[in-house]
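Coordinates as given in coords17.cif (mmCIF, C-alpha atoms):
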data_coords
loop_
_atom_site.label_atom_id
_atom_site.label_comp_id
_atom_site.auth_asym_id
_atom_site.auth_seq_id
_atom_site.Cartn_x
_atom_site.Cartn_y
_atom_site.Cartn_z
CA MET A 53 149.61 51.77 -102.90
CA SER A 54 147.44 54.69 -104.06
CA TRP A 55 144.08 53.81 -102.53
CA GLN A 56 142.61 57.31 -102.48
CA GLY A 57 143.71 58.14 -106.01
CA SER A 58 142.05 55.01 -107.32
CA VAL A 59 138.78 55.64 -105.58
CA ARG A 60 138.49 59.00 -107.27
CA HIS A 61 138.75 57.48 -110.73
CA PRO A 62 135.35 57.67 -112.44
CA VAL A 63 135.74 54.30 -114.18
CA VAL A 64 136.25 52.54 -110.88
CA LEU A 65 133.39 54.35 -109.20
CA ALA A 66 131.03 53.60 -112.07
CA PHE A 67 131.94 49.93 -111.94
CA VAL A 68 131.35 49.61 -108.22
CA ALA A 69 127.99 51.35 -108.65
CA VAL A 70 126.94 48.85 -111.31
CA LEU A 71 127.92 45.95 -109.10
CA MET A 72 125.95 47.22 -106.13
CA MET A 73 122.85 48.00 -108.13
CA THR A 74 122.55 44.45 -109.40
CA THR A 75 122.89 42.42 -106.22
CA THR A 76 119.23 42.43 -105.32
CA CYS A 77 117.94 39.02 -104.31
CA ILE A 78 114.90 37.65 -106.08
CA ALA A 79 111.91 35.57 -105.07
CA ALA A 80 111.91 31.77 -105.32
CA ALA A 81 111.27 30.53 -108.87
CA PRO A 82 108.53 28.00 -109.74
CA GLN A 83 110.00 24.58 -110.46
CA PHE A 84 109.48 22.31 -113.47
CA GLU A 85 110.98 18.89 -114.17
CA ILE A 86 112.23 17.30 -117.38
CA VAL A 87 113.37 13.69 -117.76
CA ILE A 88 115.90 12.39 -120.29
CA ARG A 89 115.16 8.76 -121.13
CA ASP A 90 116.36 6.81 -124.18
CA HIS A 91 117.89 10.07 -125.48
CA LEU A 92 114.50 11.79 -125.51
CA PHE A 93 113.23 14.68 -123.41
CA SER A 94 109.99 14.11 -121.50
CA PRO A 95 108.00 16.26 -121.75
CA ASP A 96 109.38 17.57 -125.01
CA GLN A 97 107.00 20.55 -124.83
CA LEU A 98 106.85 22.46 -121.58
CA THR A 99 104.72 25.51 -120.82
CA VAL A 100 106.12 27.94 -118.25
CA PRO A 101 104.96 31.36 -117.06
CA ALA A 102 106.27 34.30 -119.06
CA ASN A 103 108.09 37.24 -117.48
CA GLN A 104 109.14 35.12 -114.51
CA ARG A 105 112.29 33.26 -113.57
CA VAL A 106 111.81 29.47 -113.74
CA LYS A 107 113.77 26.59 -112.24
CA LEU A 108 114.19 23.49 -114.40
CA VAL A 109 115.37 20.26 -112.81
CA VAL A 110 116.61 17.89 -115.50
CA HIS A 111 116.87 14.20 -114.57
CA ASN A 112 118.98 12.03 -116.85
CA GLU A 113 117.80 8.42 -116.56
CA ASP A 114 120.16 7.25 -119.31
CA ALA A 115 123.52 5.79 -118.38
CA THR A 116 125.35 8.22 -120.67
CA PRO A 117 125.76 11.98 -120.10
CA GLU A 118 123.71 14.51 -122.01
CA GLU A 119 124.13 18.24 -122.47
CA PHE A 120 120.99 20.35 -122.17
CA GLU A 121 121.59 23.15 -124.61
CA SER A 122 119.58 26.10 -125.87
CA TYR A 123 121.02 29.09 -127.66
CA ALA A 124 117.66 30.86 -127.40
CA LEU A 125 117.71 30.43 -123.61
CA ASN A 126 121.47 31.07 -123.38
CA ARG A 127 121.99 27.90 -121.37
CA GLU A 128 124.11 24.78 -121.68
CA LYS A 129 124.71 22.22 -118.96
CA VAL A 130 126.03 18.69 -118.91
CA ILE A 131 123.78 16.26 -117.00
CA VAL A 132 125.70 13.15 -116.00
CA GLY A 133 124.26 9.68 -116.60
CA ASN A 134 121.77 8.69 -113.88
CA GLY A 135 122.12 12.19 -112.44
CA SER A 136 120.27 15.51 -112.23
CA GLY A 137 121.02 19.14 -112.90
CA THR A 138 119.35 22.46 -112.15
CA ILE A 139 118.96 25.19 -114.76
CA PHE A 140 117.42 28.61 -114.16
CA ILE A 141 115.84 30.34 -117.17
CA GLY A 142 114.03 33.60 -117.80
CA PRO A 143 112.32 35.89 -117.22
CA LEU A 144 111.13 34.98 -120.73
CA LYS A 145 109.03 37.03 -123.10
CA PRO A 146 105.98 35.11 -124.40
CA GLY A 147 107.10 32.78 -127.17
CA GLU A 148 108.74 29.46 -127.97
CA TYR A 149 112.32 28.56 -127.10
CA GLU A 150 113.93 25.44 -128.54
CA PHE A 151 116.30 23.23 -126.59
CA PHE A 152 118.14 20.04 -127.46
CA GLY A 153 120.57 17.47 -126.16
CA GLU A 154 123.92 18.24 -127.71
CA PHE A 155 125.15 14.67 -127.46
CA ASN A 156 122.06 13.19 -129.14
CA ASN A 157 120.59 16.12 -131.01
CA ALA A 158 118.91 13.95 -133.64
CA THR A 159 116.43 12.66 -131.05
CA ALA A 160 116.72 14.77 -127.91
CA ARG A 161 114.83 17.93 -128.83
CA GLY A 162 112.15 20.00 -127.16
CA VAL A 163 110.43 23.35 -126.86
CA ILE A 164 109.69 25.58 -123.90
CA ARG A 165 106.63 27.74 -124.38
CA ALA A 166 106.39 30.87 -122.26
CA GLU A 167 102.88 32.32 -121.91
CA MET B 123 117.38 34.36 -98.52
CA PRO B 124 119.63 35.72 -95.81
CA GLY B 125 122.51 33.39 -96.77
CA ILE B 126 122.62 34.70 -100.29
CA SER B 127 122.31 38.28 -99.06
CA ARG B 128 125.39 37.81 -96.91
CA ALA B 129 127.26 36.21 -99.83
CA HIS B 130 126.38 39.11 -102.11
CA ALA B 131 127.33 41.63 -99.45
CA ALA B 132 130.70 39.91 -99.03
CA ILE B 133 131.30 39.94 -102.78
CA VAL B 134 130.36 43.60 -103.05
CA ALA B 135 132.68 44.41 -100.17
CA LEU B 136 135.50 42.50 -101.86
CA SER B 137 134.80 44.31 -105.12
CA GLY B 138 135.04 47.58 -103.27
CA VAL B 139 138.43 46.59 -101.89
CA LEU B 140 139.60 45.58 -105.35
CA ALA B 141 138.30 48.78 -106.85
CA ALA B 142 140.07 50.89 -104.26
CA THR B 143 143.53 49.92 -105.49
CA SER B 144 145.47 51.02 -108.51
CA ALA B 145 148.32 50.09 -110.88
CA ARG B 146 148.80 48.93 -114.55
CA ALA B 147 146.62 47.21 -117.24
CA GLU B 148 146.60 44.37 -119.75
CA ILE B 149 144.57 43.08 -122.67
CA GLY B 150 143.51 39.46 -122.39
CA ARG B 151 140.60 37.12 -122.05
CA VAL B 152 137.40 38.35 -120.40
CA TYR B 153 136.21 35.50 -118.20
CA HIS B 154 132.62 34.43 -117.62
CA PRO B 155 131.60 33.29 -114.13
CA TYR B 156 130.66 29.80 -115.26
CA VAL B 157 132.29 26.38 -115.14
CA GLU B 158 131.15 23.70 -117.55
CA PRO B 159 131.23 20.45 -115.59
CA HIS B 160 132.78 17.34 -117.14
CA ARG B 161 134.65 19.41 -119.71
CA SER B 162 138.27 19.75 -120.74
CA ALA B 163 139.71 22.30 -123.13
CA ILE B 164 142.93 23.26 -124.86
CA GLU B 165 143.35 26.99 -125.44
CA LEU B 166 145.64 29.22 -127.44
CA ARG B 167 145.44 32.97 -127.08
CA GLY B 168 147.56 35.84 -128.27
CA LEU B 169 147.93 39.61 -128.26
CA LEU B 170 149.52 41.28 -131.25
CA PRO B 171 150.30 45.01 -130.89
CA LEU B 172 150.58 46.69 -134.27
CA GLU B 173 153.26 49.17 -135.22
CA SER B 174 152.61 52.68 -133.99
CA GLU B 175 154.42 55.94 -133.35
CA ARG B 176 153.91 55.64 -129.63
CA GLU B 177 156.85 54.85 -127.40
CA THR B 178 155.39 51.57 -126.25
CA ALA B 179 157.02 48.18 -126.46
CA ASN B 180 155.50 46.14 -129.27
CA ILE B 181 155.66 42.80 -127.51
CA GLN B 182 153.58 39.95 -128.87
CA GLN B 183 152.15 37.71 -126.15
CA PHE B 184 151.00 34.10 -126.44
CA GLN B 185 149.49 31.64 -123.99
CA LEU B 186 148.88 27.92 -124.41
CA GLY B 187 146.74 26.29 -121.77
CA TYR B 188 144.80 23.24 -120.62
CA GLU B 189 141.56 23.53 -118.66
CA ARG B 190 139.58 20.92 -116.78
CA SER B 191 136.56 21.06 -114.50
CA ILE B 192 137.12 19.18 -111.25
CA SER B 193 133.56 19.58 -109.95
CA ASP B 194 130.26 21.15 -111.02
CA ARG B 195 131.44 24.56 -109.83
CA VAL B 196 135.26 24.51 -109.94
CA GLY B 197 137.66 24.41 -112.88
CA VAL B 198 141.44 24.51 -113.01
CA GLU B 199 143.68 25.76 -115.82
CA ALA B 200 147.41 25.64 -116.45
CA TYR B 201 149.21 27.83 -118.98
CA ILE B 202 152.61 28.46 -120.40
CA ALA B 203 153.10 32.02 -121.61
CA GLY B 204 155.52 33.41 -124.15
CA HIS B 205 156.62 36.84 -125.31
CA LYS B 206 158.08 37.97 -128.59
CA PRO B 207 159.61 41.47 -128.58
CA ASP B 208 160.41 43.17 -131.88
CA ASP B 209 163.31 41.53 -133.73
CA GLU B 210 163.56 38.70 -131.21
CA SER B 211 162.35 35.15 -131.28
CA LEU B 212 159.46 33.80 -129.27
CA ALA B 213 160.41 32.64 -125.78
CA PHE B 214 158.10 30.85 -123.35
CA ASP B 215 159.14 32.26 -119.99
CA ALA B 216 156.16 32.07 -117.64
CA VAL B 217 153.81 29.49 -116.20
CA GLU B 218 150.40 30.19 -114.74
CA LEU B 219 147.88 28.21 -112.70
CA GLU B 220 144.27 29.28 -112.42
CA THR B 221 141.29 28.14 -110.37
CA ARG B 222 137.85 29.35 -111.36
CA TRP B 223 134.92 29.08 -108.96
CA GLN B 224 131.33 29.48 -110.13
CA ILE B 225 129.64 30.97 -107.05
CA THR B 226 126.04 31.26 -108.26
CA GLU B 227 124.00 29.14 -110.65
CA GLN B 228 123.58 30.89 -113.99
CA GLY B 229 120.33 32.86 -114.02
CA GLU B 230 119.37 32.10 -110.42
CA TYR B 231 119.81 35.68 -109.26
CA ALA B 232 119.75 39.11 -110.83
CA SER B 233 123.39 38.67 -111.84
CA ASP B 234 125.89 35.81 -111.91
CA TRP B 235 129.06 35.68 -109.81
CA GLY B 236 132.34 33.80 -109.81
CA MET B 237 135.93 34.13 -108.72
CA LEU B 238 139.25 33.38 -110.37
CA LEU B 239 142.58 32.96 -108.65
CA GLU B 240 145.75 33.16 -110.77
CA VAL B 241 149.27 32.33 -109.66
CA GLU B 242 152.01 33.28 -112.12
CA ARG B 243 155.68 32.43 -112.08
CA ASN B 244 157.83 34.34 -114.54
CA THR B 245 161.06 32.45 -115.09
CA ASP B 246 162.75 35.19 -117.07
CA ILE B 247 162.73 38.13 -114.60
CA PRO B 248 162.11 36.09 -112.24
CA GLU B 249 159.04 37.00 -110.19
CA TRP B 250 155.95 35.57 -108.55
CA ALA B 251 152.53 37.19 -108.79
CA ILE B 252 149.04 36.32 -107.67
CA THR B 253 145.78 37.82 -108.95
CA ALA B 254 142.33 37.47 -107.43
CA TRP B 255 139.48 38.25 -109.80
CA VAL B 256 135.78 38.80 -109.16
CA LEU B 257 133.81 37.64 -112.21
CA TRP B 258 130.39 39.13 -112.80
CA GLU B 259 127.86 38.76 -115.61
CA LYS B 260 124.34 39.91 -116.29
CA GLU B 261 121.92 39.22 -119.13
CA PHE B 262 119.96 42.02 -120.78
CA GLY B 263 117.64 40.21 -123.18
CA ARG B 264 119.89 38.92 -125.98
CA SER B 265 122.85 40.89 -124.67
CA SER B 266 125.23 39.95 -121.89
CA LEU B 267 127.65 42.13 -119.97
CA ALA B 268 130.65 40.49 -118.29
CA ILE B 269 132.96 42.41 -115.96
CA ASN B 270 136.17 41.11 -114.37
CA THR B 271 137.83 43.08 -111.58
CA GLY B 272 141.20 41.87 -110.39
CA LEU B 273 143.77 42.68 -107.77
CA ASN B 274 147.30 41.66 -108.72
CA TYR B 275 149.98 41.26 -106.05
CA GLU B 276 153.67 40.82 -106.90
CA PHE B 277 155.30 39.30 -103.85
CA ASP B 278 158.66 37.90 -104.89
CA PRO B 279 160.89 39.80 -105.24
CA PRO B 280 159.41 42.68 -103.15
CA VAL B 281 158.50 45.78 -105.18
CA ASP B 282 157.61 49.34 -104.13
CA ASP B 283 154.01 49.21 -105.32
CA PRO B 284 153.03 45.53 -105.31
CA LEU B 285 149.26 45.93 -105.77
CA GLU B 286 147.66 46.54 -109.14
CA PHE B 287 143.98 46.94 -109.95
CA LYS B 288 142.73 45.49 -113.25
CA LEU B 289 139.42 45.75 -115.04
CA ARG B 290 138.21 43.89 -118.12
CA SER B 291 134.74 43.90 -119.56
CA GLN B 292 132.87 42.55 -122.56
CA TRP B 293 129.43 43.32 -123.87
CA ARG B 294 128.18 40.80 -126.43
CA TYR B 295 125.03 40.36 -128.46
CA ARG B 296 123.81 36.82 -129.07
CA LEU B 297 123.23 37.19 -132.81
CA SER B 298 124.01 33.57 -133.66
CA ARG B 299 125.95 30.77 -132.04
CA VAL B 300 128.83 31.00 -134.50
CA PHE B 301 129.08 34.80 -134.51
CA GLU B 302 128.36 37.20 -131.67
CA PRO B 303 129.47 40.83 -132.02
CA ALA B 304 130.97 42.33 -128.89
CA ILE B 305 132.71 45.36 -127.44
CA GLU B 306 135.59 45.01 -124.99
CA PHE B 307 137.15 47.45 -122.54
CA TYR B 308 140.40 47.09 -120.59
CA TYR B 309 141.77 49.27 -117.86
CA ASP B 310 144.71 49.27 -115.45
CA ALA B 311 147.63 51.51 -114.54
CA SER B 312 149.30 51.32 -117.94
CA THR B 313 146.46 50.39 -120.28
CA THR B 314 143.17 51.84 -121.32
CA GLY B 315 141.80 49.95 -124.30
CA LEU B 316 138.48 49.78 -126.11
CA GLY B 317 137.36 48.13 -129.29
CA PRO B 318 135.10 45.82 -131.28
CA ALA B 319 135.26 42.08 -130.90
CA ALA B 320 133.48 38.95 -132.04
CA VAL B 321 133.12 35.55 -130.42
CA GLY B 322 131.49 32.31 -131.45
CA ASP B 323 131.17 28.56 -131.09
CA ILE B 324 131.43 25.92 -133.78
CA ALA B 325 129.80 22.61 -132.79
CA LEU B 326 131.80 19.51 -133.62
CA GLY B 327 129.53 16.73 -132.36
CA LYS B 328 130.25 16.30 -128.66
CA ARG B 329 133.16 18.69 -128.99
CA LYS B 330 133.20 22.42 -129.59
CA LEU B 331 135.55 25.04 -131.01
CA HIS B 332 135.27 28.45 -129.36
CA TRP B 333 136.89 31.49 -130.99
CA GLU B 334 137.37 35.13 -130.07
CA LEU B 335 138.84 38.00 -132.06
CA ALA B 336 139.15 41.64 -130.99
CA PHE B 337 140.69 44.86 -132.24
CA ILE B 338 141.53 46.98 -129.23
CA ALA B 339 142.57 50.62 -129.58
CA GLY B 340 144.84 52.09 -126.93
CA LEU B 341 143.18 55.19 -125.50
CA ARG B 342 146.29 56.65 -123.90
CA GLN B 343 149.94 57.01 -124.76
CA ARG B 344 151.15 54.21 -122.48
CA THR B 345 149.01 51.66 -124.36
CA PRO B 346 149.95 50.43 -127.85
CA ALA B 347 147.70 52.27 -130.28
CA HIS B 348 146.32 49.19 -132.05
CA ASN B 349 146.14 45.62 -130.75
CA ILE B 350 144.72 42.40 -132.13
CA ARG B 351 143.57 39.87 -129.54
CA PHE B 352 142.68 36.31 -130.53
CA MET B 353 141.75 33.07 -128.81
CA VAL B 354 140.82 29.59 -129.98
CA GLU B 355 139.67 26.95 -127.54
CA PHE B 356 138.92 23.32 -128.31
CA GLU B 357 136.49 21.81 -125.79
CA PHE B 358 136.09 18.07 -125.36
#

If you convert what's in this file into structure tokens, what do you get?
Amino acid sequence: MSWQGSVRHPVVLAFVAVLMMTTTCIAAAPQFEIVIRDHLFSPDQLTVPANQRVKLVVHNEDATPEEFESYALNREKVIVGNGSGTIFIGPLKPGEYEFFGEFNNATARGVIRAE
Amino acid sequence: MPGISRAHAAIVALSGVLAATSARAEIGRVYHPYVEPHRSAIELRGLLPLESERETANIQQFQLGYERSISDRVGVEAYIAGHKPDDESLAFDAVELETRWQITEQGEYASDWGMLLEVERNTDIPEWAITAWVLWEKEFGRSSLAINTGLNYEFDPPVDDPLEFKLRSQWRYRLSRVFEPAIEFYYDASTTGLGPAAVGDIALGKRKLHWELAFIAGLRQRTPAHNIRFMVEFEF
């Protein structure tokens, strides 16, 4: 087992450096809540602070599961029927970010506005 | 958050241990540290080395697997793996079990963390091997960088140098859901590979088809000069 030889390799050293530089903890994120009811999001327009990490708690009051999905936010998460899920988003640049329910995307649609 | 600080410190320490070992390399799937709850998937992946003048074995590799999440943070996968050397027929000669653990919620911290444990039984040689991976990912605007570091241990039958360090990474740009350009890098004792890739998702109602395609160039003589990597995964 060539431990010392490996440690000298620049690729390995660079990788470990990247890992260590990005393990800084962050402050608690402000929390917002969204409810899924009758395959609709409520509210369907949500304003959150820009340039700040935000915690979304999504409550699904329908009996069937729904998937919160947003390509703009790079998030997708299944919320079971009569259950809840937590989704962290951001920090977001000011603007609008669409989201939808993948299982009922004709009705379950919304927008997050960062400002 | 002292609890999280300790968890991160432990992960960094484990990464350091993994990084301090050495051995061979491979070209395969770059994992993301996430588990989609209430999901199942069937996956086919392959690696096709192209003809070259290098003295490397042009062995095509295939894996067929089934994946299922068993909780919000844990998923299990089972694979059968096959190899097709030049002028020989395809033979499935290995089985593999994987457990993936999503340690942090996506986006909760500055980077996202997970772990993957693989147990492989090769019925042809035969041999047992286990690999522990640290999965790491970080978003940079519309880009994401994923890095997998693994420590492979061959324990049956005993070998002279049983530990092998592996590194895989993928940078991707979220251009559109169906097509995301990417760059992949692979490193271990016998492989150094780098090349362009593309990944994407095709929505099929409540189901989804995920695809990946990469052209990986071998950057040293022990690695096949040109390799095509592909994967299709049907989620339901």

B:Ile192, B:Ala325, B:Ala339, B:Leu239 ranked by distance to Glu121 in chain A, top pick (using only C-alpha atoms):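 Closest candidate: B:Ala325.
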
Nearest candidate to chain B (options A:Gly162, A:Arg105, A:Glu150, A:Glu167; using all atoms listed in the file):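 Ranked by minimum distance to chain B, first place goes to A:Arg105.
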
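Using only C-alpha atoms for every distance, the candidate list A:Ala115, A:Leu125, A:Val100, A:Ile141 yields A:Ile141 as the residue closest to chain B.
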
Nearest candidate to chain A (options B:Ile269, B:Ile305, B:Val217, B:Met353; using all atoms listed in the file):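 The shortest atom-to-atom distance to chain A comes from B:Ile269.
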
Distance of CA of Arg176 in chain B from CA of Leu341 in chain B, expressed in Å to one decimal place: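 For CA of Leu341 in chain B relative to CA of Arg176 in chain B, the distance reads 11.5 Å.
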
Sphere at (130.5, 20.0, -128.7), radius 12 Å, counting all atoms listed in the file: residues as a PyMOL selection string: (chain A and resi 118-121+128-130+153-157) or (chain B and resi 158+161-163+323-332+355-358)

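Ranking A:Leu108, A:Ala166, A:Ile88, A:Val132 by their shortest atom-to-atom distance to Gln228 in chain B, with all atoms listed in the file included, puts A:Leu108 first.
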
Separation of CA of Arg89 in chain A from CA of Pro117 in chain A, in Å and rounded to one decimal: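 Spanning CA of Arg89 in chain A to CA of Pro117 in chain A is a straight-line distance of 11.1 Å.
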
Nearby residues (all atoms listed in the file) at most 6 Å from Ile164 in chain A, same-chain spacing under 4 positions excluded, as a ChimeraX atom specification: /A:97-99,148-149

Which of B:Pro346, B:Pro318, B:Pro248, B:Gly272 sits closest to Glu175 in chain B [using only C-alpha atoms]: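 Nearest to Glu175 in chain B: B:Pro346.
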
Target residues per the PyMOL selection byres ((chain B and resi 258) around 9), formatted as a ChimeraX atom specification: /A:71 /B:153-155,233-237,256-257,259-260,267-271

Selection result of the PyMOL selection byres ((chain B and resi 207) around 7) on this file, as a ChimeraX atom specification: /B:180-182,205-206,208-210

Those residues with C-alpha atoms, as a CSV table (one decimal), in the frame of the given file please?
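After the write, selection29.csv holds the following:
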chain,number,residue,atom,x,y,z
B,180,ASN,CA,155.5,46.1,-129.3
B,181,ILE,CA,155.7,42.8,-127.5
B,182,GLN,CA,153.6,40.0,-128.9
B,205,HIS,CA,156.6,36.8,-125.3
B,206,LYS,CA,158.1,38.0,-128.6
B,208,ASP,CA,160.4,43.2,-131.9
B,209,ASP,CA,163.3,41.5,-133.7
B,210,GLU,CA,163.6,38.7,-131.2

Selection result of the PyMOL selection byres ((chain B and resi 242) around 9) on this file, as a PyMOL selection string: chain B and resi 216-220+240-241+243-244+249-253
